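Trainee: For reference, this is run-v4.txt, and it has compact mmCIF, C-alpha atoms and all ligand atoms.
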# COMPACT_ATOMS: atom_id res chain seq x y z
CA MET A 1 -15.28 -28.83 7.32
CA GLY A 2 -11.65 -29.49 8.36
CA ARG A 3 -9.39 -27.07 10.21
CA VAL A 4 -10.02 -23.53 8.99
CA GLY A 5 -7.35 -20.84 8.61
CA VAL A 6 -7.50 -17.17 7.63
CA LEU A 7 -4.43 -15.60 6.07
CA LEU A 8 -4.41 -11.81 6.54
CA LEU A 9 -2.15 -10.18 3.94
CA ASN A 10 -0.55 -6.82 4.55
CA LEU A 11 2.38 -4.71 3.43
CA GLY A 12 4.52 -4.72 6.58
CA GLY A 13 6.58 -1.92 8.00
CA PRO A 14 9.91 -1.48 9.80
CA ASP A 15 9.62 -2.22 13.53
CA LYS A 16 12.63 -0.02 14.34
CA LEU A 17 14.89 2.52 12.61
CA GLU A 18 17.57 -0.07 11.65
CA ASP A 19 14.91 -1.99 9.73
CA VAL A 20 14.08 0.92 7.42
CA GLY A 21 16.91 0.30 4.89
CA PRO A 22 16.29 -3.47 4.47
CA PHE A 23 12.51 -2.90 4.42
CA LEU A 24 12.88 -0.35 1.58
CA TYR A 25 15.21 -2.73 -0.25
CA ASN A 26 12.55 -5.47 -0.08
CA LEU A 27 9.89 -3.06 -1.29
CA PHE A 28 11.87 -1.73 -4.26
CA SER A 29 13.01 -5.27 -5.20
CA ASP A 30 9.39 -6.07 -6.03
CA PRO A 31 8.73 -5.91 -9.81
CA GLU A 32 5.12 -4.96 -8.96
CA ILE A 33 6.49 -1.71 -7.45
CA ILE A 34 9.29 -1.00 -9.96
CA ARG A 35 9.07 -2.87 -13.25
CA LEU A 36 12.22 -2.96 -15.34
CA PRO A 37 13.04 -4.37 -18.78
CA PHE A 38 15.94 -6.42 -17.34
CA ARG A 39 15.43 -8.65 -14.30
CA TRP A 40 19.14 -8.50 -13.37
CA LEU A 41 18.85 -4.73 -12.81
CA GLN A 42 16.10 -5.11 -10.19
CA LYS A 43 18.27 -5.83 -7.13
CA PRO A 44 21.07 -3.26 -7.81
CA LEU A 45 18.45 -0.59 -8.54
CA ALA A 46 16.48 -1.54 -5.41
CA TRP A 47 19.66 -1.21 -3.37
CA PHE A 48 20.46 2.15 -4.99
CA ILE A 49 16.98 3.67 -4.44
CA ALA A 50 16.66 2.22 -0.93
CA SER A 51 20.07 3.66 0.06
CA ARG A 52 19.11 7.09 -1.28
CA ARG A 53 15.74 7.06 0.52
CA THR A 54 16.71 5.49 3.86
CA ARG A 55 17.70 8.70 5.70
CA THR A 56 14.53 10.65 4.79
CA SER A 57 12.36 7.66 5.51
CA GLN A 58 14.08 7.07 8.88
CA ALA A 59 13.49 10.72 9.81
CA ASN A 60 9.78 10.18 9.11
CA TYR A 61 9.63 6.99 11.19
CA LYS A 62 11.46 8.86 13.98
CA GLN A 63 8.57 11.35 14.06
CA ILE A 64 6.10 8.52 14.79
CA GLY A 65 8.10 6.89 17.58
CA GLY A 66 10.90 5.11 15.68
CA GLY A 67 8.97 2.40 13.80
CA SER A 68 5.75 1.33 12.14
CA PRO A 69 2.77 0.26 14.28
CA LEU A 70 1.56 -1.96 11.43
CA ARG A 71 2.58 -5.33 12.87
CA ARG A 72 1.06 -4.63 16.29
CA ILE A 73 -2.24 -3.38 14.81
CA THR A 74 -2.50 -6.20 12.25
CA GLU A 75 -1.92 -8.81 14.98
CA ALA A 76 -4.57 -7.12 17.16
CA GLN A 77 -6.99 -7.22 14.19
CA GLY A 78 -6.21 -10.94 13.83
CA GLU A 79 -6.97 -11.63 17.50
CA ALA A 80 -10.22 -9.63 17.39
CA LEU A 81 -11.24 -11.47 14.21
CA LYS A 82 -10.55 -14.87 15.78
CA GLU A 83 -12.72 -13.98 18.78
CA LYS A 84 -15.54 -12.62 16.59
CA LEU A 85 -15.51 -15.73 14.36
CA GLY A 86 -15.58 -17.95 17.48
CA ASN A 87 -18.64 -16.04 18.77
CA LEU A 88 -20.30 -16.65 15.41
CA GLY A 89 -19.59 -20.38 15.67
CA GLN A 90 -16.71 -20.46 13.20
CA GLU A 91 -13.45 -21.53 14.84
CA ALA A 92 -10.39 -20.47 12.81
CA ASN A 93 -6.65 -19.97 13.16
CA ILE A 94 -5.47 -16.54 12.00
CA TYR A 95 -2.11 -16.01 10.25
CA VAL A 96 -0.50 -12.67 9.34
CA GLY A 97 1.59 -12.59 6.14
CA MET A 98 3.43 -9.35 5.37
CA ARG A 99 4.83 -8.64 1.90
CA TYR A 100 8.01 -6.68 2.77
CA TRP A 101 8.74 -7.22 6.47
CA HIS A 102 8.22 -9.61 9.40
CA PRO A 103 6.21 -11.76 9.76
CA TYR A 104 6.78 -12.50 6.06
CA THR A 105 4.12 -14.25 3.95
CA GLU A 106 6.49 -17.22 3.61
CA GLU A 107 6.59 -17.57 7.44
CA ALA A 108 2.78 -17.51 7.66
CA ILE A 109 2.52 -20.18 4.95
CA ALA A 110 5.06 -22.38 6.78
CA MET A 111 3.02 -22.05 9.99
CA LEU A 112 -0.32 -22.87 8.45
CA THR A 113 1.11 -25.89 6.64
CA GLN A 114 2.55 -27.11 9.95
CA ASP A 115 -0.85 -26.64 11.62
CA ASN A 116 -2.44 -28.85 8.94
CA ILE A 117 -4.98 -26.26 7.89
CA GLU A 118 -7.41 -27.86 5.45
CA ARG A 119 -9.56 -24.87 4.37
CA LEU A 120 -7.97 -21.44 3.96
CA VAL A 121 -9.43 -17.98 3.33
CA ILE A 122 -6.93 -15.47 1.91
CA LEU A 123 -7.98 -11.97 2.95
CA PRO A 124 -5.83 -8.94 1.96
CA LEU A 125 -6.16 -6.01 4.38
CA TYR A 126 -6.59 -3.63 1.44
CA PRO A 127 -10.27 -2.84 0.75
CA GLN A 128 -9.50 -1.96 -2.91
CA PHE A 129 -7.41 -4.07 -5.30
CA SER A 130 -4.17 -2.69 -6.76
CA ILE A 131 -1.46 -4.44 -8.73
CA SER A 132 1.03 -2.92 -6.26
CA THR A 133 -0.62 -4.22 -3.06
CA SER A 134 -2.99 -7.22 -3.09
CA GLY A 135 -1.80 -8.08 -6.62
CA SER A 136 1.82 -8.30 -5.48
CA SER A 137 0.94 -10.57 -2.52
CA PHE A 138 -1.21 -12.81 -4.76
CA ARG A 139 1.63 -13.25 -7.23
CA LEU A 140 4.00 -14.20 -4.42
CA LEU A 141 1.47 -16.75 -3.13
CA GLU A 142 1.02 -18.13 -6.66
CA LYS A 143 4.77 -18.74 -6.79
CA LEU A 144 4.75 -20.45 -3.37
CA TRP A 145 1.84 -22.65 -4.49
CA GLN A 146 3.67 -23.66 -7.69
CA GLU A 147 6.69 -24.73 -5.64
CA ASP A 148 4.89 -26.77 -2.96
CA PRO A 149 2.73 -29.90 -3.68
CA LYS A 150 1.33 -29.77 -0.11
CA LEU A 151 -0.11 -26.30 -0.78
CA GLN A 152 -1.55 -27.56 -4.06
CA ARG A 153 -3.72 -30.01 -2.07
CA LEU A 154 -5.02 -27.25 0.24
CA ASP A 155 -8.60 -26.12 -0.32
CA TYR A 156 -8.39 -22.32 -0.43
CA THR A 157 -10.26 -19.25 -1.61
CA VAL A 158 -9.17 -15.64 -2.20
CA ILE A 159 -11.10 -12.42 -1.52
CA PRO A 160 -9.62 -10.08 -4.17
CA SER A 161 -11.24 -6.83 -2.92
CA TRP A 162 -14.08 -5.99 -0.57
CA TYR A 163 -14.69 -2.22 -0.39
CA LYS A 164 -18.45 -2.75 -0.93
CA GLN A 165 -18.83 -4.83 2.26
CA PRO A 166 -21.73 -3.14 4.18
CA SER A 167 -20.18 -3.33 7.68
CA TYR A 168 -16.91 -1.85 6.36
CA LEU A 169 -18.88 1.08 4.85
CA GLN A 170 -20.80 1.40 8.12
CA ALA A 171 -17.57 1.48 10.17
CA MET A 172 -16.12 4.19 7.90
CA ALA A 173 -19.33 6.23 8.11
CA GLU A 174 -19.37 5.95 11.92
CA LEU A 175 -15.73 7.03 12.19
CA ILE A 176 -16.36 10.03 9.92
CA ALA A 177 -19.55 11.05 11.76
CA GLN A 178 -17.69 10.88 15.08
CA GLU A 179 -15.05 13.28 13.75
CA LEU A 180 -17.60 15.66 12.19
CA GLU A 181 -19.29 15.98 15.57
CA GLN A 182 -16.11 17.55 16.98
CA PHE A 183 -16.81 20.72 14.92
CA PRO A 184 -19.29 23.45 15.96
CA ASN A 185 -21.03 23.20 12.53
CA PRO A 186 -20.67 19.56 11.42
CA ASP A 187 -22.58 20.04 8.13
CA GLN A 188 -20.18 22.82 7.03
CA VAL A 189 -17.08 20.62 7.25
CA HIS A 190 -15.45 19.59 3.97
CA ILE A 191 -14.73 15.82 3.83
CA PHE A 192 -11.40 15.12 2.14
CA PHE A 193 -10.79 11.51 1.05
CA SER A 194 -7.05 10.87 0.69
CA ALA A 195 -6.27 7.62 -1.11
CA HIS A 196 -2.77 6.20 -1.55
CA GLY A 197 -1.60 7.05 -5.07
CA VAL A 198 -0.19 4.75 -7.75
CA PRO A 199 1.58 5.67 -11.01
CA LYS A 200 -1.00 6.63 -13.68
CA SER A 201 0.47 4.00 -16.03
CA TYR A 202 -0.71 1.22 -13.67
CA VAL A 203 -4.30 2.25 -14.40
CA GLU A 204 -4.01 3.45 -18.00
CA GLU A 205 -1.54 0.91 -19.40
CA ALA A 206 -1.77 -2.10 -17.10
CA GLY A 207 -5.52 -1.97 -16.38
CA ASP A 208 -5.24 -1.69 -12.59
CA PRO A 209 -8.87 -1.36 -11.34
CA TYR A 210 -7.60 0.60 -8.30
CA GLN A 211 -8.76 4.11 -9.33
CA GLN A 212 -12.24 2.87 -10.24
CA GLU A 213 -12.53 0.98 -6.94
CA ILE A 214 -11.36 4.02 -4.96
CA GLU A 215 -13.93 6.26 -6.70
CA ASP A 216 -16.74 3.71 -6.12
CA CYS A 217 -15.66 3.28 -2.49
CA THR A 218 -15.73 7.05 -1.87
CA ALA A 219 -19.23 7.33 -3.35
CA LEU A 220 -20.48 4.36 -1.26
CA ILE A 221 -19.05 5.80 1.98
CA MET A 222 -20.71 9.17 1.26
CA GLN A 223 -24.01 7.36 0.55
CA THR A 224 -23.75 5.40 3.80
CA LEU A 225 -22.85 8.56 5.75
CA ASN A 226 -25.96 10.26 4.32
CA ARG A 227 -25.03 13.82 5.28
CA PRO A 228 -25.04 17.07 3.24
CA ASN A 229 -21.26 17.74 3.45
CA THR A 230 -19.20 18.57 0.35
CA HIS A 231 -16.32 16.20 -0.42
CA THR A 232 -13.11 15.80 -2.46
CA LEU A 233 -11.03 12.77 -3.47
CA ALA A 234 -7.25 13.14 -3.94
CA TYR A 235 -4.16 10.87 -4.00
CA GLN A 236 -1.19 11.00 -1.63
CA SER A 237 2.34 9.59 -1.17
CA ARG A 238 3.79 9.96 -4.67
CA VAL A 239 7.28 8.43 -5.06
CA GLY A 240 9.63 8.98 -8.06
CA PRO A 241 9.49 11.24 -11.10
CA VAL A 242 6.58 9.83 -13.15
CA GLU A 243 2.99 11.03 -13.08
CA TRP A 244 0.74 9.39 -10.45
CA LEU A 245 -3.03 9.53 -10.11
CA GLN A 246 -4.29 13.10 -9.75
CA PRO A 247 -5.26 15.37 -8.10
CA TYR A 248 -2.38 15.13 -5.64
CA THR A 249 -3.45 15.60 -2.00
CA GLU A 250 -1.10 18.55 -1.51
CA ASP A 251 -2.47 20.47 -4.52
CA ALA A 252 -6.08 19.71 -3.64
CA LEU A 253 -5.57 21.02 -0.07
CA LYS A 254 -4.06 24.27 -1.39
CA GLU A 255 -6.96 24.67 -3.82
CA LEU A 256 -9.56 24.18 -1.06
CA GLY A 257 -7.71 26.68 1.15
CA ALA A 258 -7.77 29.20 -1.71
CA GLN A 259 -11.52 28.61 -2.09
CA GLY A 260 -12.01 29.60 1.56
CA VAL A 261 -12.57 26.18 3.17
CA LYS A 262 -11.87 26.55 6.91
CA ASP A 263 -13.04 23.24 8.43
CA LEU A 264 -11.74 20.00 6.95
CA VAL A 265 -11.68 16.36 7.92
CA VAL A 266 -9.30 13.94 6.14
CA VAL A 267 -10.38 10.34 5.55
CA PRO A 268 -7.61 7.86 4.66
CA ILE A 269 -9.26 5.17 2.51
CA SER A 270 -6.72 2.78 0.99
CA PHE A 271 -5.68 1.20 4.22
CA VAL A 272 -7.30 -0.11 7.40
CA SER A 273 -4.55 0.51 10.00
CA GLU A 274 -2.61 3.50 11.21
CA HIS A 275 0.80 3.65 9.54
CA ILE A 276 3.46 6.11 8.44
CA GLU A 277 1.24 7.71 5.80
CA THR A 278 -1.55 8.53 8.27
CA LEU A 279 0.56 9.34 11.34
CA GLN A 280 3.37 11.24 9.63
CA GLU A 281 2.30 12.25 6.13
CA ILE A 282 -1.30 13.32 6.87
CA ASP A 283 -1.04 14.30 10.55
CA ILE A 284 2.21 16.26 10.19
CA GLU A 285 3.00 17.15 6.55
CA TYR A 286 -0.48 17.66 5.07
CA ARG A 287 -1.69 19.40 8.24
CA GLU A 288 1.07 21.96 7.69
CA VAL A 289 0.13 22.42 4.03
CA ALA A 290 -3.54 22.84 4.98
CA GLU A 291 -2.84 25.37 7.73
CA GLU A 292 -0.53 27.38 5.46
CA SER A 293 -3.35 27.42 2.89
CA GLY A 294 -5.80 28.94 5.37
CA ILE A 295 -7.63 25.78 6.50
CA ASP A 296 -7.85 26.59 10.21
CA ASN A 297 -9.47 23.45 11.59
CA PHE A 298 -7.86 20.28 10.28
CA ARG A 299 -8.80 16.87 11.72
CA ARG A 300 -8.25 13.29 10.58
CA VAL A 301 -10.54 10.28 10.82
CA PRO A 302 -8.76 7.34 12.52
CA ALA A 303 -8.12 4.19 10.49
CA PRO A 304 -10.63 1.38 11.30
CA ASN A 305 -7.95 -0.61 13.24
CA THR A 306 -9.96 -2.83 15.66
CA HIS A 307 -13.27 -0.90 15.51
CA PRO A 308 -15.91 -3.57 16.36
CA VAL A 309 -18.04 -2.85 13.26
CA PHE A 310 -14.94 -3.21 11.10
CA ILE A 311 -14.03 -6.53 12.76
CA GLN A 312 -17.61 -7.63 12.08
CA ALA A 313 -16.95 -6.78 8.41
CA LEU A 314 -13.84 -9.00 8.33
CA ALA A 315 -15.76 -11.86 10.01
CA ASP A 316 -18.64 -11.54 7.51
CA LEU A 317 -16.16 -11.62 4.63
CA VAL A 318 -14.59 -14.85 5.96
CA ILE A 319 -17.95 -16.56 6.61
CA ASP A 320 -19.28 -15.62 3.14
CA ALA A 321 -16.05 -16.77 1.48
CA LEU A 322 -16.35 -20.19 3.16
CA LYS A 323 -19.89 -20.56 1.79
CA ASN A 324 -19.24 -19.31 -1.75
CA PRO A 325 -17.44 -21.13 -4.61
CA SER A 326 -13.63 -20.82 -4.40
CA PHE A 327 -11.83 -17.98 -6.12
CA LYS A 328 -8.32 -18.99 -7.20
CA LEU A 329 -4.99 -17.11 -7.10
CA SER A 330 -4.58 -17.44 -10.87
CA GLN A 331 -7.85 -15.47 -11.28
CA ALA A 332 -6.91 -12.89 -8.65
CA ALA A 333 -3.29 -12.29 -9.70
CA GLN A 334 -3.99 -11.73 -13.38
CA MET A 335 -2.39 -8.61 -14.78
CA LYS A 336 -3.30 -7.31 -18.22
CA LYS A 337 0.08 -5.98 -19.33
CA ARG A 338 3.58 -5.44 -18.03
CA VAL A 339 3.94 -1.98 -16.49
CA LYS A 340 6.94 0.18 -15.93
CA MET A 341 7.59 2.67 -13.19
CA TYR A 342 9.37 4.90 -15.72
CA PRO A 343 7.26 4.92 -18.89
CA GLN A 344 8.74 7.90 -20.74
CA GLU A 345 10.81 6.73 -23.72
CA ARG A 346 11.03 9.92 -25.81
CA TRP A 347 13.76 12.49 -25.13
CA GLU A 348 12.61 16.05 -24.23
CA TRP A 349 14.85 19.05 -23.60
CA GLY A 350 14.71 21.04 -20.35
CA LEU A 351 14.16 20.11 -16.72
CA THR A 352 11.33 17.75 -17.59
CA THR A 353 10.22 14.40 -16.22
CA SER A 354 12.00 12.86 -19.19
CA ALA A 355 15.24 14.66 -18.33
CA GLU A 356 14.95 13.54 -14.71
CA VAL A 357 14.38 9.98 -15.84
CA TRP A 358 17.38 10.07 -18.17
CA ASN A 359 19.54 11.65 -15.46
CA GLY A 360 18.51 8.77 -13.24
CA ARG A 361 19.31 6.20 -15.93
CA ILE A 362 22.72 7.73 -16.64
CA ALA A 363 23.45 7.88 -12.88
CA MET A 364 22.40 4.23 -12.67
CA LEU A 365 24.75 3.19 -15.50
CA GLY A 366 27.56 5.13 -13.81
CA PHE A 367 26.74 3.42 -10.54
CA ILE A 368 26.81 -0.06 -12.12
CA ALA A 369 30.12 0.79 -13.88
CA LEU A 370 31.55 1.86 -10.50
CA ILE A 371 30.47 -1.39 -8.83
CA ILE A 372 31.99 -3.45 -11.67
CA GLU A 373 35.19 -1.41 -11.40
CA LEU A 374 35.39 -1.89 -7.62
CA VAL A 375 34.85 -5.64 -8.00
CA THR A 376 37.17 -6.27 -10.99
CA GLY A 377 39.81 -3.59 -10.32
CA HIS A 378 39.63 -2.46 -13.97
CA GLY A 379 37.92 0.58 -15.48
CA LEU A 380 37.97 4.29 -16.27
CA LEU A 381 38.69 5.50 -12.70
CA HIS A 382 41.72 3.18 -12.49
CA MET A 383 42.89 4.36 -15.94
CA ILE A 384 42.84 8.04 -14.93
CA GLY A 385 44.42 7.22 -11.56
CA LEU A 386 41.48 8.04 -9.26
CA LEU A 387 41.40 4.46 -8.03
CA GLN A 388 44.43 2.27 -7.40
C1 LIG B 1 7.17 3.33 -5.13
C2 LIG B 1 5.94 2.96 -5.31
C3 LIG B 1 4.89 2.68 -4.34
C4 LIG B 1 3.61 2.29 -4.68
C5 LIG B 1 3.06 2.08 -6.06
C6 LIG B 1 2.89 2.12 -3.45
C7 LIG B 1 1.55 1.75 -3.36
C8 LIG B 1 0.86 1.60 -2.17
N1 LIG B 1 1.38 1.56 -0.88
C9 LIG B 1 0.37 1.38 0.04
C10 LIG B 1 0.50 1.30 1.43
C11 LIG B 1 1.71 1.44 2.14
N2 LIG B 1 2.90 1.87 1.67
C12 LIG B 1 3.84 1.85 2.67
C13 LIG B 1 5.15 2.25 2.61
C14 LIG B 1 5.79 2.64 1.43
N3 LIG B 1 5.29 2.59 0.16
C15 LIG B 1 6.23 3.04 -0.74
C16 LIG B 1 6.10 3.10 -2.12
C17 LIG B 1 4.97 2.75 -2.88
N4 LIG B 1 3.73 2.40 -2.40
C18 LIG B 1 7.40 3.38 0.04
C19 LIG B 1 8.68 3.92 -0.51
C20 LIG B 1 7.10 3.12 1.38
C21 LIG B 1 8.05 3.28 2.58
C22 LIG B 1 7.75 4.45 3.40
C23 LIG B 1 8.39 5.65 2.82
O1 LIG B 1 9.63 5.69 2.71
O2 LIG B 1 7.65 6.56 2.45
C24 LIG B 1 3.25 1.32 3.86
C25 LIG B 1 4.00 0.96 5.15
C26 LIG B 1 3.74 1.95 6.17
C27 LIG B 1 4.41 1.75 7.49
O3 LIG B 1 3.78 2.10 8.48
O4 LIG B 1 5.56 1.32 7.54
C28 LIG B 1 1.91 1.10 3.55
C29 LIG B 1 0.87 0.57 4.45
C30 LIG B 1 -0.85 1.31 -0.70
C31 LIG B 1 -2.22 1.13 -0.07
C32 LIG B 1 -0.55 1.44 -2.07
C33 LIG B 1 -1.39 1.43 -3.28
C34 LIG B 1 -2.64 1.29 -3.36
FE FE B 2 3.26 2.35 -0.33
FE FE B 3 3.76 5.19 0.42
Spit out the file's structure as structure tokens when you get a sec.
Ligand SMILES: C=CC1=C(C)c2cc3[nH]c(cc4nc(cc5[nH]c(cc1n2)c(C)c5CCC(=O)O)C(CCC(=O)O)=C4C)c(C)c3C=C
Ligand SMILES: [Fe+2]
Ligand SMILES: [Fe+2]
Mentor:
Amino acid sequence: MGRVGVLLLNLGGPDKLEDVGPFLYNLFSDPEIIRLPFRWLQKPLAWFIASRRTRTSQANYKQIGGGSPLRRITEAQGEALKEKLGNLGQEANIYVGMRYWHPYTEEAIAMLTQDNIERLVILPLYPQFSISTSGSSFRLLEKLWQEDPKLQRLDYTVIPSWYKQPSYLQAMAELIAQELEQFPNPDQVHIFFSAHGVPKSYVEEAGDPYQQEIEDCTALIMQTLNRPNTHTLAYQSRVGPVEWLQPYTEDALKELGAQGVKDLVVVPISFVSEHIETLQEIDIEYREVAEESGIDNFRRVPAPNTHPVFIQALADLVIDALKNPSFKLSQAAQMKKRVKMYPQERWEWGLTTSAEVWNGRIAMLGFIALIIELVTGHGLLHMIGLLQ
């Protein structure tokens, strides 16, 4: 076997507060995150949404030290994986390719081409597949492959999703058990799985397997844990006006509080590193919701990060992938239908989702008209004398 490389794919996060705006712009420019009928609208809309969200998002990053720890943790995972693979007799170079921030996927690809890697394993750091995460990175890679004959000669394989991997399940079970043991009555603690949400239309219209994989993953972790605790699965981090997967984490916490649950442990399951949604959203925002709802003892299970059993899981995935027949990007990036972030087409009166969507659309048209007017010097505002 020639030189082996492992490409770890991840989302990326702003390293410092000034990065938040451009990071959000990159994220909202992705048609896998916001799908629009007209391609030319993508960038202006991304700019518009990113500008509106930057301040709030910056305030959240400020609460966790002024930036995302994602790059540091992903690089540490890469180093630990390299060492583990070496111990198992499989030398490999590790590359980190982020989708929306540094080090970008394009940079990782340039490095591995320069290093003359001959056999590559593409491993997304998302245990479950979603169109919006692994799917988006696979589509970007597909594009890079189409553009570069050197990449077309590279022998590669993709691991589309891996939530059933036994050492991953074992690591999650160990982390949960460790947290349960912090309570006086561990068996009485309610285990609350909080998965990252996606718009419902991704699953129902576009055939995203994400919800199914999350439900299977939750059941497998509970089986591996093998304890009598009750549990709930809910979805966090909704963005925008459309319906996302339900129940929402916030509502489910309130409901459990109302039912008299006092001891609760939250398990983040869509992601394997600490990031804004564990450190800020769960640890600060959802803790507050839980405590206001009467849940007195609220704890969170840490993300797997560089837990040795988790690193073993990554190493096993790589070694198995090198032995098995290749899985290609075209198979992994397939999407059943085109999805939209804003699916509602019918008008409804009142302060409804539809009204919010139409308000947004009208505001968007106004915004585009304003830009055109500022660029050309002609338009309604000039006619009525508001602009000169
Ligand atoms: C707008 C739609 C979004 C979808 C769909 C979405 C899916 C999704 N995201 C993650 C993991 C992460 N998301 C992160 C940041 C982030 N994500 C969105 C939006 C969507 N995510 C936004 C607007 C942001 C920026 C932060 C904010 O302003 O709230 C991150 C980065 C975290 C960091 O530490 O910087 C991760 C990781 C998953 C797993 C997922 C679907 C399965
Ligand atoms: Fe996200
Ligand atoms: Fe998010």
Trainee: Quick one: residues within 10 Å of ligand FE 3 (chain B), with all atoms listed in the file, as a list in words?
Mentor: His196, Gly197, Val198, Gln236, Ser237, Arg238, Val239, His275, Ile276, Glu277 and Glu281 of chain A
Trainee: Of the residues A:Leu256, A:Ile73, A:Ala195, A:Leu151, which is the one nearest to ligand FE 2 (chain B), using only C-alpha atoms and all ligand atoms?
Mentor: A:Ala195
Trainee: What is the distance, in Å and to one decimal place, between CA of Gln331 in chain A and CA of Leu9 in chain A?
Mentor: 17.1 Å
Trainee: Do you have the CA of Arg287 in chain A-CA of Val309 in chain A distance handy?
Mentor: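 Spanning CA of Arg287 in chain A to CA of Val309 in chain A is a straight-line distance of 28.1 Å.
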Trainee: Find the residue from A:Gln182, A:Gln58, A:Gln212, A:Ser167 that sits nearest to Thr224 in chain A; use all atoms listed in the file when measuring.
Mentor: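 Between A:Gln182, A:Gln58, A:Gln212, A:Ser167, the residue approaching Thr224 in chain A most closely is A:Ser167.
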Trainee: Please produce, as a Markdown table, a per-residue contact table for chain A versus ligand LIG 1 (chain B) (criterion: any atom at most 7 Å away, only C-alpha atoms and all ligand atoms considered), showing the nearest atom pair and its distance in Å to one decimal, sorted by chain then residue number.
Mentor:
| residue | atom | partner | partner_atom | distance |
| --- | --- | --- | --- | --- |
| A:Leu11 | CA | B:LIG1 | C29 | 5.6 |
| A:Gly12 | CA | B:LIG1 | C25 | 5.9 |
| A:Gly13 | CA | B:LIG1 | O4 | 3.4 |
| A:Pro14 | CA | B:LIG1 | O4 | 5.6 |
| A:Leu24 | CA | B:LIG1 | C21 | 6.1 |
| A:Phe28 | CA | B:LIG1 | C1 | 7.0 |
| A:Ile33 | CA | B:LIG1 | C2 | 5.2 |
| A:Ile34 | CA | B:LIG1 | C1 | 6.8 |
| A:Arg53 | CA | B:LIG1 | O1 | 6.6 |
| A:Ser57 | CA | B:LIG1 | O1 | 4.4 |
| A:Ser68 | CA | B:LIG1 | O3 | 4.2 |
| A:Pro69 | CA | B:LIG1 | O3 | 6.2 |
| A:Leu70 | CA | B:LIG1 | O3 | 5.5 |
| A:Tyr126 | CA | B:LIG1 | C31 | 6.6 |
| A:Ser130 | CA | B:LIG1 | C34 | 5.5 |
| A:Ser132 | CA | B:LIG1 | C5 | 5.4 |
| A:Thr133 | CA | B:LIG1 | C33 | 5.7 |
| A:His196 | CA | B:LIG1 | C34 | 5.2 |
| A:Gly197 | CA | B:LIG1 | C33 | 5.9 |
| A:Val198 | CA | B:LIG1 | C5 | 4.5 |
| A:Pro199 | CA | B:LIG1 | C5 | 6.3 |
| A:Val239 | CA | B:LIG1 | C1 | 5.1 |
| A:Gly240 | CA | B:LIG1 | C1 | 6.8 |
| A:Ser270 | CA | B:LIG1 | C31 | 4.9 |
| A:Phe271 | CA | B:LIG1 | C31 | 5.5 |
| A:His275 | CA | B:LIG1 | O3 | 3.5 |
| A:Ile276 | CA | B:LIG1 | O3 | 4.0 |
| A:Glu277 | CA | B:LIG1 | C26 | 6.3 |
